[in-house]
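Peer 1: After the structure tokens below, expect a handful of questions from me.
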Amino acid sequence: MSLRDELSDVVSDERRDLVPTRLSLVGDVAIISIPPELEGQKREIGDAIISGHKNVRTVLRKISKLEGERRVASFEVLAGCCTATIHREFGFVYSLDVARVFFNPRLGSERMRVASKALPGERAIVPFAGVGPFAIPLAAAGARVLALEISPEACGWLAENARQNRVGKKIDIVNCDAFALCRCLKKSGTKVEFDRAVVPTPYGRDDILGLISPIVRPGGAIHSTPSRSAIRSRA
């Protein structure tokens, strides 16, 4: 049943096309975009979603696009109260606060595809690591991971998630600007090379690839996602 059908008792047939076709789920938090035309019914919509989904505890309305260095949108609570949750995918668990740190639940399959390429003992770098959804599966596959993240809060969740998923000893977390650190590594007199780079590139910041490429060894792999999902290997 579509979300529009689920809300048939709340939104009239004449306004049904204004209802989004789906919602996004992060753990037990549902995220929905509601147009201004349905402003007066937003609370009813939130309550209806909770009533119709036993696995949903909180409903958030997205009211802005991703903003700032932390890449976090602004939300309005429509139903429930807690924005902290535990998201599970492919056997991994990620604790996070949806309103405070970035997380894209729709990249789960891509995260597993990338992790499946990792080899035990290789060195991997993950800029924009967030709460660890790329770094943790890589570490679980046997890689030694350098995770770069500018948000101190996301770094805290990443450390906790690494511990929960039993890969804490395989991930080195650096709270930093990924661009600045990669520039330093590129200019370093000491040769620094990684076997693999996984780059969940923020929208419009593909320029990070020019800094990552020189620190990945010849023949290594660079995965850039979501703007590019294919693997780019360096010969």
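Ordering of the structure tokens sets the chain letters (A, B, ...); residue numbers start at 1 within each chain; ligands are numbered from 1 in the order shown.
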Compile the contact shell of A:Asp97 as a PDB file with C-alpha atoms, in the first residue's frame: residues with an atom at most 12 Å away, counting only C-alpha atoms, same-chain residues fewer than 6 positions apart removed.
Peer 2:
```
ATOM      1  CA  VAL A  26      16.077   5.703   9.699  1.00  0.00           C
ATOM      2  CA  GLY A  27      15.677   3.181  12.479  1.00  0.00           C
ATOM      3  CA  ASP A  28      12.286   3.922  14.025  1.00  0.00           C
ATOM      4  CA  VAL A  29      12.227   7.527  12.772  1.00  0.00           C
ATOM      5  CA  THR A  58       8.809   9.419  15.675  1.00  0.00           C
ATOM      6  CA  VAL A  72      22.170  18.124   8.305  1.00  0.00           C
ATOM      7  CA  ALA A  73      18.666  19.172   7.282  1.00  0.00           C
ATOM      8  CA  PHE A  75      13.213  18.976  10.826  1.00  0.00           C
ATOM      9  CA  CYS A  81       9.593  13.112  20.358  1.00  0.00           C
ATOM     10  CA  CYS A  82      12.936  11.301  20.191  1.00  0.00           C
ATOM     11  CA  THR A  83      15.175  11.868  17.165  1.00  0.00           C
ATOM     12  CA  ALA A  84      17.896   9.491  18.389  1.00  0.00           C
ATOM     13  CA  THR A  85      17.528   5.990  16.998  1.00  0.00           C
ATOM     14  CA  ILE A  86      19.284   2.747  16.068  1.00  0.00           C
ATOM     15  CA  HIS A  87      19.346   1.892  12.374  1.00  0.00           C
ATOM     16  CA  PHE A 103      22.743   9.569   7.389  1.00  0.00           C
ATOM     17  CA  GLY A 130      29.678  10.397   9.245  1.00  0.00           C
ATOM     18  CA  VAL A 131      28.543   7.859  11.829  1.00  0.00           C
ATOM     19  CA  GLU A 153      29.087  14.765  17.235  1.00  0.00           C
ATOM     20  CA  ALA A 154      29.252  12.412  14.265  1.00  0.00           C
ATOM     21  CA  GLY A 156      31.249  10.403  18.787  1.00  0.00           C
ATOM     22  CA  TRP A 157      28.542   8.280  17.185  1.00  0.00           C
ATOM     23  CA  LEU A 158      31.142   6.714  14.861  1.00  0.00           C
TER      24      LEU A 158
END
```
Peer 1: From a DSSP pass on the backbone, collect the residues of stretch 11-140 of chain A flagged as helix (DSSP H, G or I) and hand them back as a CSV table (one decimal) with N, CA and C atoms, in the first residue's frame.
Peer 2:
```
chain,number,residue,atom,x,y,z
A,13,ASP,N,-9.5,13.2,-1.3
A,13,ASP,CA,-9.2,12.7,-2.7
A,13,ASP,C,-8.6,13.9,-3.5
A,14,GLU,N,-9.2,15.0,-3.4
A,14,GLU,CA,-8.8,16.2,-4.2
A,14,GLU,C,-7.4,16.6,-3.9
A,15,ARG,N,-6.9,16.3,-2.7
A,15,ARG,CA,-5.5,16.8,-2.3
A,15,ARG,C,-4.5,15.6,-2.2
A,16,ARG,N,-5.0,14.4,-2.6
A,16,ARG,CA,-4.2,13.2,-2.5
A,16,ARG,C,-2.8,13.3,-3.2
A,17,ASP,N,-2.9,14.0,-4.4
A,17,ASP,CA,-1.6,14.1,-5.2
A,17,ASP,C,-0.6,14.9,-4.5
A,18,LEU,N,-0.9,15.7,-3.5
A,18,LEU,CA,0.1,16.5,-2.8
A,18,LEU,C,0.9,15.7,-1.8
A,36,PRO,N,3.4,23.0,1.6
A,36,PRO,CA,2.6,24.0,2.4
A,36,PRO,C,1.1,23.8,2.3
A,37,GLU,N,0.6,23.3,1.2
A,37,GLU,CA,-0.8,23.1,1.0
A,37,GLU,C,-1.4,22.2,2.1
A,38,LEU,N,-0.6,21.3,2.7
A,38,LEU,CA,-1.1,20.4,3.7
A,38,LEU,C,-0.7,20.8,5.1
A,39,GLU,N,-0.2,22.0,5.3
A,39,GLU,CA,0.3,22.5,6.6
A,39,GLU,C,-0.7,22.2,7.7
A,40,GLY,N,-2.0,22.5,7.4
A,40,GLY,CA,-3.1,22.3,8.4
A,40,GLY,C,-3.3,20.9,8.9
A,41,GLN,N,-2.8,19.9,8.1
A,41,GLN,CA,-3.1,18.5,8.4
A,41,GLN,C,-1.8,17.8,8.8
A,42,LYS,N,-0.7,18.5,9.0
A,42,LYS,CA,0.6,17.8,9.2
A,42,LYS,C,0.6,17.0,10.5
A,43,ARG,N,-0.1,17.4,11.6
A,43,ARG,CA,-0.1,16.6,12.8
A,43,ARG,C,-0.9,15.4,12.6
A,44,GLU,N,-2.0,15.5,11.9
A,44,GLU,CA,-2.9,14.3,11.6
A,44,GLU,C,-2.1,13.3,10.8
A,45,ILE,N,-1.3,13.8,9.8
A,45,ILE,CA,-0.5,13.0,9.0
A,45,ILE,C,0.5,12.2,9.8
A,46,GLY,N,1.2,12.9,10.7
A,46,GLY,CA,2.2,12.3,11.6
A,46,GLY,C,1.6,11.2,12.4
A,47,ASP,N,0.4,11.5,13.1
A,47,ASP,CA,-0.2,10.5,13.9
A,47,ASP,C,-0.7,9.3,13.1
A,48,ALA,N,-1.1,9.6,11.8
A,48,ALA,CA,-1.6,8.4,11.0
A,48,ALA,C,-0.4,7.5,10.6
A,49,ILE,N,0.8,8.1,10.4
A,49,ILE,CA,1.9,7.3,10.0
A,49,ILE,C,2.3,6.4,11.2
A,50,ILE,N,2.3,7.0,12.4
A,50,ILE,CA,2.7,6.2,13.6
A,50,ILE,C,1.6,5.1,13.8
A,51,SER,N,0.4,5.4,13.6
A,51,SER,CA,-0.7,4.4,13.8
A,51,SER,C,-0.6,3.3,12.8
A,52,GLY,N,-0.1,3.6,11.6
A,52,GLY,CA,-0.1,2.6,10.5
A,52,GLY,C,1.2,1.8,10.4
A,105,PRO,N,19.7,6.4,4.5
A,105,PRO,CA,19.4,5.0,4.6
A,105,PRO,C,19.3,4.3,3.2
A,106,ARG,N,19.2,5.1,2.1
A,106,ARG,CA,19.0,4.5,0.8
A,106,ARG,C,20.3,4.0,0.2
A,107,LEU,N,21.4,4.2,0.8
A,107,LEU,CA,22.7,3.7,0.3
A,107,LEU,C,23.2,2.4,0.9
A,108,GLY,N,22.3,1.7,1.6
A,108,GLY,CA,22.7,0.5,2.3
A,108,GLY,C,23.3,-0.5,1.3
A,109,SER,N,22.6,-0.8,0.2
A,109,SER,CA,23.1,-1.8,-0.8
A,109,SER,C,24.5,-1.3,-1.4
A,110,GLU,N,24.6,0.0,-1.6
A,110,GLU,CA,25.9,0.5,-2.2
A,110,GLU,C,27.0,0.3,-1.1
A,111,ARG,N,26.7,0.5,0.1
A,111,ARG,CA,27.7,0.3,1.2
A,111,ARG,C,28.2,-1.1,1.2
A,112,MET,N,27.3,-2.0,1.0
A,112,MET,CA,27.7,-3.4,1.1
A,112,MET,C,28.4,-3.8,-0.2
A,113,ARG,N,28.0,-3.2,-1.3
A,113,ARG,CA,28.8,-3.5,-2.6
A,113,ARG,C,30.2,-3.1,-2.5
A,114,VAL,N,30.4,-1.9,-1.9
A,114,VAL,CA,31.8,-1.3,-1.8
A,114,VAL,C,32.6,-2.2,-0.8
A,115,ALA,N,32.0,-2.5,0.3
A,115,ALA,CA,32.7,-3.3,1.3
A,115,ALA,C,33.1,-4.7,0.8
A,135,ALA,N,32.7,3.2,6.7
A,135,ALA,CA,33.9,2.7,7.3
A,135,ALA,C,33.7,1.4,8.1
A,136,ILE,N,32.6,1.2,8.7
A,136,ILE,CA,32.4,0.0,9.6
A,136,ILE,C,32.4,-1.3,8.7
A,137,PRO,N,31.6,-1.3,7.6
A,137,PRO,CA,31.6,-2.6,6.8
A,137,PRO,C,33.0,-2.8,6.2
A,138,LEU,N,33.8,-1.8,5.9
A,138,LEU,CA,35.1,-2.0,5.3
A,138,LEU,C,36.0,-2.6,6.4
A,139,ALA,N,35.9,-2.1,7.6
A,139,ALA,CA,36.7,-2.6,8.7
A,139,ALA,C,36.3,-4.1,9.0
A,140,ALA,N,35.0,-4.4,8.9
A,140,ALA,CA,34.5,-5.7,9.2
A,140,ALA,C,35.0,-6.7,8.1
```
Peer 1: Nearest to A:Ile208 among A:Ile222, A:Ala178, A:Leu119, A:Leu78, with distances taken over only C-alpha atoms: which residue is it?
Peer 2: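 Among A:Ile222, A:Ala178, A:Leu119, A:Leu78, it is A:Ala178 that comes nearest to A:Ile208.
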Peer 1: Could you work out how far atom CA of A:Ala147 lies from atom CA of A:Pro133, giving the answer in Å with one decimal?
Peer 2: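 Result for atom CA of A:Pro133 versus atom CA of A:Ala147: 10.8 Å, one decimal.
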Peer 1: Give me the residues near stretch 181-187 of chain A as a list in words, where near means some atom within 8 Å (using only C-alpha atoms) and where sequence neighbours in that chain fewer than 3 positions away do not count.
Peer 2: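 Residues meeting the cut-off are Cys176, Asp177, Ala178, Val192, Leu211, Ile212, Pro214 and Ile215 of chain A.
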Peer 1: Restricting the calculation to only C-alpha atoms, which member of A:Pro20, A:Pro127, A:Gly220, A:Gly80 is positioned closest to A:Ile150?
Peer 2: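 Counting only C-alpha atoms, the residue closest to A:Ile150 is A:Pro127.
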Peer 1: Tell me which of A:Arg144, A:His223, A:Arg88, A:Lys62 sits closest to A:Asn165, counting only C-alpha atoms.
Peer 2: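 Among the listed residues, the smallest separation from A:Asn165 belongs to A:Arg88.
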Peer 1: I'd like the neighbourhood of stretch 21-24 of chain A as a list in words, where a residue qualifies if any of its atoms comes within 8 Å (using only C-alpha atoms), though same-chain residues fewer than 3 positions away should be ignored.
Peer 2: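 Selected residues are Ser2, Leu3, Arg4, Ala30, Ile31, Ile32, Ser33 and Pro105 of chain A.
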Peer 1: Rounded to one decimal, what separation in Å do you get between atom CA of A:Arg61 and atom CA of A:Glu76?
Peer 2: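 Pair atom CA of A:Arg61 / atom CA of A:Glu76 returns 5.0 Å.
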